[in-house]
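Asks: Got a structure for you, query.json, holding JSON, C-alpha atoms (C1' of nucleotides).
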```
[["chain", "number", "residue", "atom", "x", "y", "z"],
["A", 1, "MET", "CA", 75.32, 51.69, 89.49],
["A", 2, "ASP", "CA", 75.35, 54.16, 86.62],
["A", 3, "ILE", "CA", 79.08, 54.68, 86.07],
["A", 4, "TYR", "CA", 78.26, 56.85, 83.09],
["A", 5, "THR", "CA", 76.46, 59.42, 85.20],
["A", 6, "GLN", "CA", 79.26, 59.24, 87.75],
["A", 7, "ASN", "CA", 81.88, 60.00, 85.10],
["A", 8, "GLY", "CA", 79.71, 62.79, 83.71],
["A", 9, "PHE", "CA", 79.39, 64.62, 87.01],
["A", 10, "ARG", "CA", 83.05, 64.07, 87.74],
["A", 11, "ALA", "CA", 83.89, 65.60, 84.36],
["A", 12, "LEU", "CA", 81.88, 68.74, 85.17],
["A", 13, "ALA", "CA", 83.57, 69.21, 88.55],
["A", 14, "ASP", "CA", 86.69, 70.80, 87.06],
["A", 15, "PRO", "CA", 86.63, 74.42, 85.79],
["A", 16, "THR", "CA", 89.11, 73.70, 83.00],
["A", 17, "ARG", "CA", 86.87, 70.95, 81.66],
["A", 18, "ARG", "CA", 83.79, 73.18, 81.78],
["A", 19, "ASP", "CA", 85.78, 75.81, 79.91],
["A", 20, "ILE", "CA", 86.71, 73.22, 77.28],
["A", 21, "LEU", "CA", 83.04, 72.30, 76.82],
["A", 22, "GLN", "CA", 82.11, 75.93, 76.26],
["A", 23, "ARG", "CA", 84.86, 76.30, 73.69],
["A", 24, "LEU", "CA", 83.68, 73.15, 71.91],
["A", 25, "ALA", "CA", 80.23, 74.73, 71.78],
["A", 26, "GLY", "CA", 81.79, 77.06, 69.23],
["A", 27, "GLY", "CA", 82.89, 74.12, 67.08],
["A", 28, "GLU", "CA", 85.31, 71.21, 67.12],
["A", 29, "HIS", "CA", 88.90, 71.76, 68.23],
["A", 30, "THR", "CA", 92.12, 69.76, 68.21],
["A", 31, "ILE", "CA", 94.13, 69.36, 71.39],
["A", 32, "ALA", "CA", 96.71, 71.84, 70.11],
["A", 33, "GLN", "CA", 94.00, 74.44, 69.44],
["A", 34, "LEU", "CA", 92.51, 74.02, 72.90],
["A", 35, "THR", "CA", 95.91, 74.16, 74.57],
["A", 36, "GLU", "CA", 96.50, 77.68, 73.21],
["A", 37, "HIS", "CA", 93.82, 78.99, 75.57],
["A", 38, "PHE", "CA", 95.11, 77.39, 78.76],
["A", 39, "ASP", "CA", 98.17, 77.88, 80.89],
["A", 40, "MET", "CA", 99.09, 74.21, 80.92],
["A", 41, "THR", "CA", 100.75, 71.62, 78.72],
["A", 42, "ARG", "CA", 99.14, 69.68, 75.90],
["A", 43, "ALA", "CA", 99.43, 66.52, 77.98],
["A", 44, "ALA", "CA", 97.34, 68.08, 80.75],
["A", 45, "VAL", "CA", 94.66, 69.15, 78.26],
["A", 46, "LYS", "CA", 94.70, 65.65, 76.82],
["A", 47, "LYS", "CA", 93.99, 64.23, 80.29],
["A", 48, "HIS", "CA", 91.00, 66.53, 80.66],
["A", 49, "LEU", "CA", 89.71, 65.43, 77.26],
["A", 50, "THR", "CA", 89.97, 61.80, 78.35],
["A", 51, "VAL", "CA", 87.86, 62.55, 81.42],
["A", 52, "LEU", "CA", 85.30, 64.37, 79.27],
["A", 53, "SER", "CA", 85.21, 61.42, 76.89],
["A", 54, "ASP", "CA", 84.74, 58.96, 79.76],
["A", 55, "GLY", "CA", 81.73, 61.02, 80.80],
["A", 56, "GLY", "CA", 80.25, 60.82, 77.32],
["A", 57, "LEU", "CA", 80.43, 64.59, 76.93],
["A", 58, "ILE", "CA", 82.69, 64.71, 73.86],
["A", 59, "THR", "CA", 83.49, 62.61, 70.81],
["A", 60, "THR", "CA", 86.60, 62.54, 68.61],
["A", 61, "ARG", "CA", 86.86, 62.55, 64.83],
["A", 62, "VAL", "CA", 90.24, 61.45, 63.47],
["A", 63, "SER", "CA", 91.58, 63.03, 60.31],
["A", 64, "GLY", "CA", 95.16, 62.15, 59.44],
["A", 65, "ARG", "CA", 97.39, 63.04, 62.33],
["A", 66, "GLU", "CA", 94.77, 65.38, 63.79],
["A", 67, "ARG", "CA", 91.97, 64.51, 66.22],
["A", 68, "PHE", "CA", 89.00, 66.84, 66.29],
["A", 69, "ASN", "CA", 87.07, 66.94, 69.56],
["A", 70, "ALA", "CA", 83.40, 67.92, 69.59],
["A", 71, "LEU", "CA", 80.44, 68.01, 71.98],
["A", 72, "ASP", "CA", 78.52, 64.75, 72.43],
["A", 73, "PRO", "CA", 74.81, 65.10, 73.28],
["A", 74, "ASN", "CA", 74.61, 61.69, 74.91],
["A", 75, "GLY", "CA", 76.28, 62.57, 78.18],
["A", 76, "PHE", "CA", 74.44, 65.79, 78.90],
["A", 77, "ALA", "CA", 70.81, 64.70, 79.09],
["A", 78, "PRO", "CA", 71.23, 62.23, 81.99],
["A", 79, "LEU", "CA", 73.00, 64.88, 84.06],
["A", 80, "ARG", "CA", 70.42, 67.56, 83.34],
["A", 81, "ASP", "CA", 67.59, 65.15, 84.10],
["A", 82, "TRP", "CA", 69.21, 64.03, 87.34],
["A", 83, "ILE", "CA", 69.31, 67.61, 88.57],
["A", 84, "SER", "CA", 65.86, 68.41, 87.21],
["A", 85, "PHE", "CA", 64.36, 65.68, 89.38],
["A", 86, "PHE", "CA", 64.81, 67.95, 92.38],
["A", 87, "ASP", "CA", 62.78, 70.77, 90.86],
["A", 88, "GLN", "CA", 59.61, 69.15, 92.12],
["A", 89, "PHE", "CA", 60.65, 69.80, 95.71],
["A", 90, "TRP", "CA", 60.31, 73.55, 95.56],
["A", 91, "GLY", "CA", 57.01, 74.85, 94.34],
["A", 92, "ASN", "CA", 58.56, 77.76, 92.46],
["A", 93, "GLN", "CA", 57.91, 78.49, 88.85],
["A", 94, "LEU", "CA", 59.08, 75.56, 86.75],
["A", 95, "THR", "CA", 61.50, 76.55, 84.06],
["A", 96, "ASN", "CA", 60.73, 75.63, 80.48],
["A", 97, "LEU", "CA", 63.90, 74.69, 78.69],
["A", 98, "ASN", "CA", 62.61, 76.31, 75.52],
["A", 99, "ASP", "CA", 62.48, 79.61, 77.37],
["A", 100, "ILE", "CA", 66.05, 79.19, 78.55],
["A", 101, "ILE", "CA", 67.26, 78.63, 75.03],
["A", 102, "GLU", "CA", 65.14, 81.32, 73.41],
["A", 103, "ASN", "CA", 66.35, 83.91, 75.90],
["A", 104, "ASN", "CA", 69.97, 82.84, 75.67],
["A", 105, "ASP", "CA", 72.40, 85.53, 74.59],
["A", 106, "GLN", "CA", 74.61, 83.05, 72.76],
["A", 107, "LYS", "CA", 77.59, 83.86, 74.94],
["A", 108, "GLY", "CA", 77.26, 80.70, 76.96],
["A", 109, "PRO", "CA", 76.43, 80.21, 80.64],
["A", 110, "LEU", "CA", 78.36, 82.37, 83.03],
["A", 111, "GLN", "CA", 81.43, 80.59, 84.26],
["B", 1, "MET", "CA", 84.62, 83.30, 88.55],
["B", 2, "ASP", "CA", 81.48, 81.71, 89.94],
["B", 3, "ILE", "CA", 82.86, 79.78, 92.90],
["B", 4, "TYR", "CA", 79.30, 78.86, 93.85],
["B", 5, "THR", "CA", 78.77, 76.92, 90.61],
["B", 6, "GLN", "CA", 82.21, 75.38, 91.02],
["B", 7, "ASN", "CA", 81.34, 74.12, 94.51],
["B", 8, "GLY", "CA", 77.99, 72.88, 93.26],
["B", 9, "PHE", "CA", 79.43, 70.73, 90.51],
["B", 10, "ARG", "CA", 82.16, 69.51, 92.83],
["B", 11, "ALA", "CA", 79.47, 68.49, 95.31],
["B", 12, "LEU", "CA", 77.65, 66.41, 92.68],
["B", 13, "ALA", "CA", 80.82, 64.60, 91.61],
["B", 14, "ASP", "CA", 80.70, 62.15, 94.51],
["B", 15, "PRO", "CA", 78.18, 59.26, 94.58],
["B", 16, "THR", "CA", 77.78, 59.39, 98.36],
["B", 17, "ARG", "CA", 76.79, 63.04, 98.15],
["B", 18, "ARG", "CA", 74.29, 62.38, 95.35],
["B", 19, "ASP", "CA", 72.85, 59.59, 97.50],
["B", 20, "ILE", "CA", 72.54, 62.00, 100.42],
["B", 21, "LEU", "CA", 70.64, 64.48, 98.25],
["B", 22, "GLN", "CA", 68.18, 61.80, 97.18],
["B", 23, "ARG", "CA", 67.60, 60.82, 100.80],
["B", 24, "LEU", "CA", 67.03, 64.45, 101.75],
["B", 25, "ALA", "CA", 64.44, 64.58, 98.98],
["B", 26, "GLY", "CA", 62.40, 62.36, 101.32],
["B", 27, "GLY", "CA", 62.66, 64.89, 104.13],
["B", 28, "GLU", "CA", 65.23, 66.43, 106.44],
["B", 29, "HIS", "CA", 67.73, 64.18, 108.23],
["B", 30, "THR", "CA", 70.28, 64.55, 111.00],
["B", 31, "ILE", "CA", 73.84, 63.39, 110.48],
["B", 32, "ALA", "CA", 73.22, 60.35, 112.67],
["B", 33, "GLN", "CA", 70.17, 59.36, 110.60],
["B", 34, "LEU", "CA", 72.08, 59.67, 107.33],
["B", 35, "THR", "CA", 75.06, 57.76, 108.69],
["B", 36, "GLU", "CA", 72.89, 54.67, 109.29],
["B", 37, "HIS", "CA", 72.60, 54.21, 105.54],
["B", 38, "PHE", "CA", 76.30, 54.41, 104.71],
["B", 39, "ASP", "CA", 79.30, 52.24, 105.42],
["B", 40, "MET", "CA", 81.36, 55.07, 106.83],
["B", 41, "THR", "CA", 81.76, 57.04, 110.02],
["B", 42, "ARG", "CA", 79.71, 60.03, 111.09],
["B", 43, "ALA", "CA", 82.77, 62.25, 110.59],
["B", 44, "ALA", "CA", 82.95, 61.24, 106.93],
["B", 45, "VAL", "CA", 79.26, 61.97, 106.41],
["B", 46, "LYS", "CA", 79.75, 65.32, 108.12],
["B", 47, "LYS", "CA", 82.48, 66.17, 105.60],
["B", 48, "HIS", "CA", 80.15, 65.36, 102.71],
["B", 49, "LEU", "CA", 77.46, 67.56, 104.24],
["B", 50, "THR", "CA", 79.94, 70.42, 104.47],
["B", 51, "VAL", "CA", 80.74, 70.07, 100.77],
["B", 52, "LEU", "CA", 77.04, 69.99, 99.92],
["B", 53, "SER", "CA", 76.51, 73.11, 102.03],
["B", 54, "ASP", "CA", 79.42, 74.89, 100.32],
["B", 55, "GLY", "CA", 77.69, 74.16, 97.01],
["B", 56, "GLY", "CA", 74.45, 75.68, 98.26],
["B", 57, "LEU", "CA", 72.64, 72.37, 97.86],
["B", 58, "ILE", "CA", 71.55, 71.92, 101.49],
["B", 59, "THR", "CA", 70.65, 74.03, 104.50],
["B", 60, "THR", "CA", 70.70, 73.19, 108.20],
["B", 61, "ARG", "CA", 68.07, 73.84, 110.85],
["B", 62, "VAL", "CA", 69.34, 73.63, 114.44],
["B", 63, "SER", "CA", 67.04, 72.29, 117.15],
["B", 64, "GLY", "CA", 68.69, 71.71, 120.48],
["B", 65, "ARG", "CA", 71.62, 69.39, 120.07],
["B", 66, "GLU", "CA", 70.29, 68.16, 116.72],
["B", 67, "ARG", "CA", 70.96, 69.64, 113.28],
["B", 68, "PHE", "CA", 68.44, 68.84, 110.58],
["B", 69, "ASN", "CA", 69.78, 68.91, 107.03],
["B", 70, "ALA", "CA", 67.44, 69.63, 104.12],
["B", 71, "LEU", "CA", 67.58, 70.36, 100.39],
["B", 72, "ASP", "CA", 68.27, 73.95, 99.37],
["B", 73, "PRO", "CA", 66.76, 75.05, 96.04],
["B", 74, "ASN", "CA", 69.31, 77.82, 95.53],
["B", 75, "GLY", "CA", 72.20, 75.66, 94.43],
["B", 76, "PHE", "CA", 70.39, 73.46, 91.95],
["B", 77, "ALA", "CA", 69.06, 75.95, 89.42],
["B", 78, "PRO", "CA", 72.45, 77.36, 88.33],
["B", 79, "LEU", "CA", 73.77, 73.85, 87.73],
["B", 80, "ARG", "CA", 70.72, 72.73, 85.77],
["B", 81, "ASP", "CA", 70.80, 75.92, 83.71],
["B", 82, "TRP", "CA", 74.52, 75.54, 82.99],
["B", 83, "ILE", "CA", 73.93, 72.09, 81.53],
["B", 84, "SER", "CA", 70.73, 73.15, 79.76],
["B", 85, "PHE", "CA", 72.69, 75.74, 77.80],
["B", 86, "PHE", "CA", 74.15, 72.95, 75.69],
["B", 87, "ASP", "CA", 70.74, 71.64, 74.64],
["B", 88, "GLN", "CA", 70.68, 74.21, 71.84],
["B", 89, "PHE", "CA", 73.57, 72.43, 70.11],
["B", 90, "TRP", "CA", 71.64, 69.30, 69.21],
["B", 91, "GLY", "CA", 68.40, 69.83, 67.38],
["B", 92, "ASN", "CA", 66.62, 67.00, 69.14],
["B", 93, "GLN", "CA", 63.31, 67.40, 70.88],
["B", 94, "LEU", "CA", 63.67, 69.86, 73.69],
["B", 95, "THR", "CA", 62.58, 68.46, 77.01],
["B", 96, "ASN", "CA", 59.95, 70.33, 78.97],
["B", 97, "LEU", "CA", 60.77, 70.15, 82.66],
["B", 98, "ASN", "CA", 57.09, 69.92, 83.47],
["B", 99, "ASP", "CA", 56.97, 66.69, 81.50],
["B", 100, "ILE", "CA", 59.91, 65.30, 83.41],
["B", 101, "ILE", "CA", 58.25, 65.99, 86.72],
["B", 102, "GLU", "CA", 54.77, 64.84, 85.68],
["B", 103, "ASN", "CA", 56.14, 61.54, 84.44],
["B", 104, "ASN", "CA", 58.35, 61.00, 87.46],
["B", 105, "ASP", "CA", 57.66, 57.85, 89.47],
["B", 106, "GLN", "CA", 58.61, 59.55, 92.74],
["B", 107, "LYS", "CA", 61.43, 57.08, 93.38],
["B", 108, "GLY", "CA", 64.12, 59.53, 92.39],
["B", 109, "PRO", "CA", 66.55, 59.49, 89.48],
["B", 110, "LEU", "CA", 68.40, 56.26, 88.95],
["B", 111, "GLN", "CA", 71.73, 56.33, 90.67],
["C", 1, "DT", "C1'", 73.60, 66.64, 139.06],
["C", 2, "DC", "C1'", 75.49, 63.67, 135.93],
["C", 3, "DG", "C1'", 75.71, 60.26, 132.44],
["C", 4, "DA", "C1'", 74.19, 59.56, 127.66],
["C", 5, "DT", "C1'", 73.54, 61.76, 123.25],
["C", 6, "DT", "C1'", 74.56, 64.59, 119.25],
["C", 7, "DT", "C1'", 77.56, 67.14, 117.14],
["C", 8, "DG", "C1'", 81.98, 70.01, 115.42],
["C", 9, "DA", "C1'", 86.80, 70.12, 114.92],
["C", 10, "DC", "C1'", 91.31, 68.20, 114.37],
["C", 11, "DA", "C1'", 95.26, 65.37, 113.39],
["C", 12, "DC", "C1'", 96.42, 61.88, 110.56],
["C", 13, "DC", "C1'", 96.55, 58.42, 106.67],
["C", 14, "DT", "C1'", 95.85, 56.60, 101.84],
["C", 15, "DT", "C1'", 94.16, 57.23, 97.29],
["C", 16, "DT", "C1'", 92.91, 60.16, 93.59],
["C", 17, "DT", "C1'", 93.59, 64.12, 90.88],
["C", 18, "DG", "C1'", 95.84, 67.70, 88.14],
["C", 19, "DG", "C1'", 99.98, 68.81, 86.49],
["C", 20, "DT", "C1'", 104.94, 68.23, 84.16],
["C", 21, "DA", "C1'", 108.57, 66.07, 81.40],
["C", 22, "DT", "C1'", 109.71, 62.87, 78.10],
["C", 23, "DC", "C1'", 109.59, 59.41, 74.55],
["C", 24, "DA", "C1'", 107.59, 56.79, 70.75],
["C", 25, "DC", "C1'", 104.59, 56.51, 66.71],
["C", 26, "DG", "C1'", 101.95, 57.71, 62.68],
["C", 27, "DT", "C1'", 101.20, 61.61, 59.25],
["C", 28, "DT", "C1'", 102.41, 65.41, 56.44],
["C", 29, "DA", "C1'", 105.09, 68.09, 53.31],
["C", 30, "DA", "C1'", 109.31, 69.61, 51.16],
["D", 1, "DT", "C1'", 113.36, 60.18, 51.97],
["D", 2, "DT", "C1'", 113.43, 62.69, 55.80],
["D", 3, "DA", "C1'", 112.48, 66.35, 58.93],
["D", 4, "DA", "C1'", 108.70, 68.62, 61.20],
["D", 5, "DC", "C1'", 104.21, 68.04, 63.12],
["D", 6, "DG", "C1'", 100.31, 66.25, 66.03],
["D", 7, "DT", "C1'", 99.33, 63.04, 69.08],
["D", 8, "DG", "C1'", 99.17, 58.92, 72.77],
["D", 9, "DA", "C1'", 101.29, 57.00, 76.58],
["D", 10, "DT", "C1'", 104.01, 56.66, 80.56],
["D", 11, "DA", "C1'", 106.67, 57.81, 84.79],
["D", 12, "DC", "C1'", 106.76, 60.97, 88.14],
["D", 13, "DC", "C1'", 105.39, 64.76, 91.59],
["D", 14, "DA", "C1'", 102.54, 67.87, 94.72],
["D", 15, "DA", "C1'", 98.15, 68.84, 96.28],
["D", 16, "DA", "C1'", 93.43, 67.71, 97.06],
["D", 17, "DA", "C1'", 89.94, 64.41, 98.39],
["D", 18, "DG", "C1'", 87.84, 60.76, 101.08],
["D", 19, "DG", "C1'", 88.27, 58.29, 104.98],
["D", 20, "DT", "C1'", 89.34, 57.07, 110.32],
["D", 21, "DG", "C1'", 90.06, 57.96, 115.29],
["D", 22, "DT", "C1'", 89.74, 60.97, 118.97],
["D", 23, "DC", "C1'", 88.46, 64.71, 121.87],
["D", 24, "DA", "C1'", 85.81, 68.62, 123.53],
["D", 25, "DA", "C1'", 81.44, 71.10, 123.89],
["D", 26, "DA", "C1'", 76.58, 71.63, 124.14],
["D", 27, "DT", "C1'", 72.07, 69.53, 125.15],
["D", 28, "DC", "C1'", 68.87, 66.19, 126.95],
["D", 29, "DG", "C1'", 66.78, 63.12, 130.40],
["D", 30, "DA", "C1'", 66.53, 60.51, 134.67]]
```
Any chance you could give the structure as structure tokens?

Replies:
Amino acid sequence: MDIYTQNGFRALADPTRRDILQRLAGGEHTIAQLTEHFDMTRAAVKKHLTVLSDGGLITTRVSGRERFNALDPNGFAPLRDWISFFDQFWGNQLTNLNDIIENNDQKGPLQ
Amino acid sequence: MDIYTQNGFRALADPTRRDILQRLAGGEHTIAQLTEHFDMTRAAVKKHLTVLSDGGLITTRVSGRERFNALDPNGFAPLRDWISFFDQFWGNQLTNLNDIIENNDQKGPLQ
DNA sequence: TCGATTTGACACCTTTTGGTATCACGTTAA
DNA sequence: TTAACGTGATACCAAAAGGTGTCAAATCGA
């Protein structure tokens, strides 16, 4: 049914794509900038960006011959909510997202 | 680094495996019981269960010749938290997980 | 005891995925 | 104007993923 959620979870399944998302959390990047940090070609990074875009996790802003990629809020919420549904099945302490964010050390989630 | 998180996200990338998780939310199932609901062989379902187990999303209780599969809380929290990290990058209203659960209609997240 | 049941483990096949190499196209700057 | 730059797109390849069929082993029930 929800192909958007499917694409979103598929996008998160690859460690390179999760790494890209964390780098975009520090601000928008072009493909060339992202490629510097990976041991693969620009074409491979471009493919990962396409998958991330299909999942609604990033957007692209075009400026001249450059394309700046940035995080897109739209794709994240459905994925987080899908997982959060299962929290009701274990009676543990329920996490408040505000607490997660307030206690965050700004370095990003551990990869 | 965190192969556990990697396996978890990989497990969620397949729609059959997400369907299995939602069925297990209704209680533990054997492989044979799960297979009734899918258009694939028991061996295929078994493979999906192995992936879910590798991701720490399910556990198995053995009783005689039967093996009952059930949800495992351990694997879910790291995945939810990983995604929740990004919530700080859009200033929208932060969702309180308690609200999500209280408003849930008990039918499970839309697939 | 012995057949039916439930499962795990392989070998095997096809499709998808992650990667490279290469070329074409628009943009920039000298 | 023209060469360098940044990118999209495509063909191609190896490996991983999702599936089937089959067989052996353990357990249950008559």

Asks: Which is closest to DC28 of chain D among B:Arg17, B:Arg65, B:Arg80, B:Lys46, if we use all atoms listed in the file?

Replies: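 Residue with the minimum atom-to-atom distance to DC28 of chain D: B:Arg65.
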
Asks: What residues in chain A have any atom no more than 12 Å from chain C when counting all atoms listed in the file, and can you write them as a list in words?

Replies: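 Matching residues, ligands excluded from the count: Arg10, Ala11, Ala13, Asp14, Pro15, Thr16, Arg17, Asp39, Met40, Thr41, Arg42, Ala43, Ala44, Val45, Lys46, Lys47, His48, Val51, Val62, Ser63, Gly64, Arg65, Glu66 and Arg67 of chain A.
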
Asks: Would you export the selected residues with C-alpha atoms as a short mmCIF file (atom, residue, chain, number, x, y, z; two decimals), in the frame of the given file, please?

Replies:
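Output below, filename selection14.cif:
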```
data_model
loop_
_atom_site.label_atom_id
_atom_site.label_comp_id
_atom_site.auth_asym_id
_atom_site.auth_seq_id
_atom_site.Cartn_x
_atom_site.Cartn_y
_atom_site.Cartn_z
CA ARG A 10 83.05 64.07 87.74
CA ALA A 11 83.89 65.60 84.36
CA ALA A 13 83.57 69.21 88.55
CA ASP A 14 86.69 70.80 87.06
CA PRO A 15 86.63 74.42 85.79
CA THR A 16 89.11 73.70 83.00
CA ARG A 17 86.87 70.95 81.66
CA ASP A 39 98.17 77.88 80.89
CA MET A 40 99.09 74.21 80.92
CA THR A 41 100.75 71.62 78.72
CA ARG A 42 99.14 69.68 75.90
CA ALA A 43 99.43 66.52 77.98
CA ALA A 44 97.34 68.08 80.75
CA VAL A 45 94.66 69.15 78.26
CA LYS A 46 94.70 65.65 76.82
CA LYS A 47 93.99 64.23 80.29
CA HIS A 48 91.00 66.53 80.66
CA VAL A 51 87.86 62.55 81.42
CA VAL A 62 90.24 61.45 63.47
CA SER A 63 91.58 63.03 60.31
CA GLY A 64 95.16 62.15 59.44
CA ARG A 65 97.39 63.04 62.33
CA GLU A 66 94.77 65.38 63.79
CA ARG A 67 91.97 64.51 66.22
#
```

Asks: Suppose you want the space between atom CA of Asn74 of chain B and atom CA of Arg18 of chain B; what is it in Å?

Replies: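 Interatomic distance here is 16.2 Å.
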
Asks: Taking 4 positions as the minimum chain separation for residues in the same chain, which residues sit within 10 Å of Pro73 of chain B when counting all atoms listed in the file? Answer as a VMD selection string.

Replies: (chain A and resid 86 to 87 89 to 92) or (chain B and resid 56 to 59 77 to 78)

Asks: With the cut-off set at 12 Å and counting all atoms listed in the file, tabulate each residue of chain D with an atom at most that distance from an atom of chain A, showing the nearest atom pair and its distance in Å to one decimal, ordered by chain and increasing number, as JSON lines.

Replies:
```
{"residue": "D:DC5", "atom": "C1'", "partner": "A:Arg65", "partner_atom": "CA", "distance": 8.5}
{"residue": "D:DG6", "atom": "C1'", "partner": "A:Arg65", "partner_atom": "CA", "distance": 5.7}
{"residue": "D:DT7", "atom": "C1'", "partner": "A:Arg65", "partner_atom": "CA", "distance": 7.0}
{"residue": "D:DG8", "atom": "C1'", "partner": "A:Lys46", "partner_atom": "CA", "distance": 9.0}
{"residue": "D:DA9", "atom": "C1'", "partner": "A:Ala43", "partner_atom": "CA", "distance": 9.8}
{"residue": "D:DT10", "atom": "C1'", "partner": "A:Ala43", "partner_atom": "CA", "distance": 11.2}
```

Asks: Take atom CA of Ala70 of chain A and atom CA of Asn7 of chain B and report the distance between them in Å, one decimal.

Replies: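 About the pair atom CA of Ala70 of chain A and atom CA of Asn7 of chain B: they are 25.8 Å apart.
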
Asks: Using only C-alpha atoms, find the one residue out of A:Asp19, A:Tyr4, A:Gln88, A:His29 that sits nearest to chain B.

Replies: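 The answer is A:Gln88, which sits nearest to chain B.
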
Asks: Give me, please, the distance in Å between atom CA of Leu79 of chain A and atom CA of Thr5 of chain A, quoted to one decimal.

Replies: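 Atom-to-atom, atom CA of Leu79 of chain A and atom CA of Thr5 of chain A are spaced 6.6 Å apart.
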
Asks: Draw an axis-aligned box tight on the listed atoms of segment 69-88 of chain B, then pad every side by 3 Å and write out centre and edge lengths in Å to one decimal as AutoDock Vina command-line options.

Replies:
```
--center_x 70.6 --center_y 73.4 --center_z 89.4 --size_x 13.8 --size_y 14.9 --size_z 41.2
```

Asks: Given all atoms listed in the file as the basis, pick out the residue of B:Thr60, B:Asn69, B:Gln33, B:Ser84 nearest to chain A.

Replies: B:Ser84

Asks: Select, from B:Leu52, B:Leu71, B:Leu34, B:Ile20, the residue with the minimum atom-to-atom distance to chain A, counting only C-alpha atoms.

Replies: B:Leu71

Asks: Have a look at A:Phe38, A:Thr50, A:Gly26, A:Arg61 and name the one nearest to chain B; count only C-alpha atoms.

Replies: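 Among A:Phe38, A:Thr50, A:Gly26, A:Arg61, it is A:Gly26 that comes nearest to chain B.
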
Asks: Output as a PDB file, in the frame of the given file: segment 22-27 of chain B, completed with all heavy atoms.

Replies:
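Result saved to rebuild-v7.pdb:
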```pdb
ATOM      1  N   GLN B  22      69.411  62.542  97.456  1.00  0.00           N
ATOM      2  CA  GLN B  22      68.180  61.800  97.180  1.00  0.00           C
ATOM      3  C   GLN B  22      67.462  61.416  98.480  1.00  0.00           C
ATOM      4  O   GLN B  22      66.232  61.396  98.524  1.00  0.00           O
ATOM      5  CB  GLN B  22      68.495  60.559  96.346  1.00  0.00           C
ATOM      6  CG  GLN B  22      68.972  60.921  94.947  1.00  0.00           C
ATOM      7  CD  GLN B  22      69.177  59.706  94.056  1.00  0.00           C
ATOM      8  OE1 GLN B  22      70.078  59.686  93.233  1.00  0.00           O
ATOM      9  NE2 GLN B  22      68.356  58.689  94.214  1.00  0.00           N
ATOM     10  N   ARG B  23      68.237  61.128  99.520  1.00  0.00           N
ATOM     11  CA  ARG B  23      67.600  60.820 100.800  1.00  0.00           C
ATOM     12  C   ARG B  23      66.951  62.064 101.394  1.00  0.00           C
ATOM     13  O   ARG B  23      65.869  62.001 101.979  1.00  0.00           O
ATOM     14  CB  ARG B  23      68.626  60.238 101.785  1.00  0.00           C
ATOM     15  CG  ARG B  23      69.107  58.864 101.370  1.00  0.00           C
ATOM     16  CD  ARG B  23      70.080  58.244 102.346  1.00  0.00           C
ATOM     17  NE  ARG B  23      70.576  56.975 101.809  1.00  0.00           N
ATOM     18  CZ  ARG B  23      69.914  55.836 101.839  1.00  0.00           C
ATOM     19  NH1 ARG B  23      68.708  55.797 102.407  1.00  0.00           N
ATOM     20  NH2 ARG B  23      70.412  54.739 101.312  1.00  0.00           N
ATOM     21  N   LEU B  24      67.608  63.211 101.239  1.00  0.00           N
ATOM     22  CA  LEU B  24      67.030  64.450 101.750  1.00  0.00           C
ATOM     23  C   LEU B  24      65.780  64.845 100.976  1.00  0.00           C
ATOM     24  O   LEU B  24      64.945  65.596 101.477  1.00  0.00           O
ATOM     25  CB  LEU B  24      68.063  65.586 101.697  1.00  0.00           C
ATOM     26  CG  LEU B  24      69.284  65.421 102.614  1.00  0.00           C
ATOM     27  CD1 LEU B  24      70.152  66.670 102.574  1.00  0.00           C
ATOM     28  CD2 LEU B  24      68.852  65.118 104.045  1.00  0.00           C
ATOM     29  N   ALA B  25      65.660  64.320  99.748  1.00  0.00           N
ATOM     30  CA  ALA B  25      64.440  64.580  98.980  1.00  0.00           C
ATOM     31  C   ALA B  25      63.228  63.970  99.699  1.00  0.00           C
ATOM     32  O   ALA B  25      62.097  64.408  99.503  1.00  0.00           O
ATOM     33  CB  ALA B  25      64.564  64.012  97.572  1.00  0.00           C
ATOM     34  N   GLY B  26      63.474  62.977 100.552  1.00  0.00           N
ATOM     35  CA  GLY B  26      62.400  62.360 101.320  1.00  0.00           C
ATOM     36  C   GLY B  26      62.118  63.064 102.628  1.00  0.00           C
ATOM     37  O   GLY B  26      61.252  62.655 103.391  1.00  0.00           O
ATOM     38  N   GLY B  27      62.858  64.146 102.892  1.00  0.00           N
ATOM     39  CA  GLY B  27      62.660  64.890 104.130  1.00  0.00           C
ATOM     40  C   GLY B  27      63.988  65.150 104.821  1.00  0.00           C
ATOM     41  O   GLY B  27      64.991  64.527 104.489  1.00  0.00           O
TER      42      GLY B  27
END
```
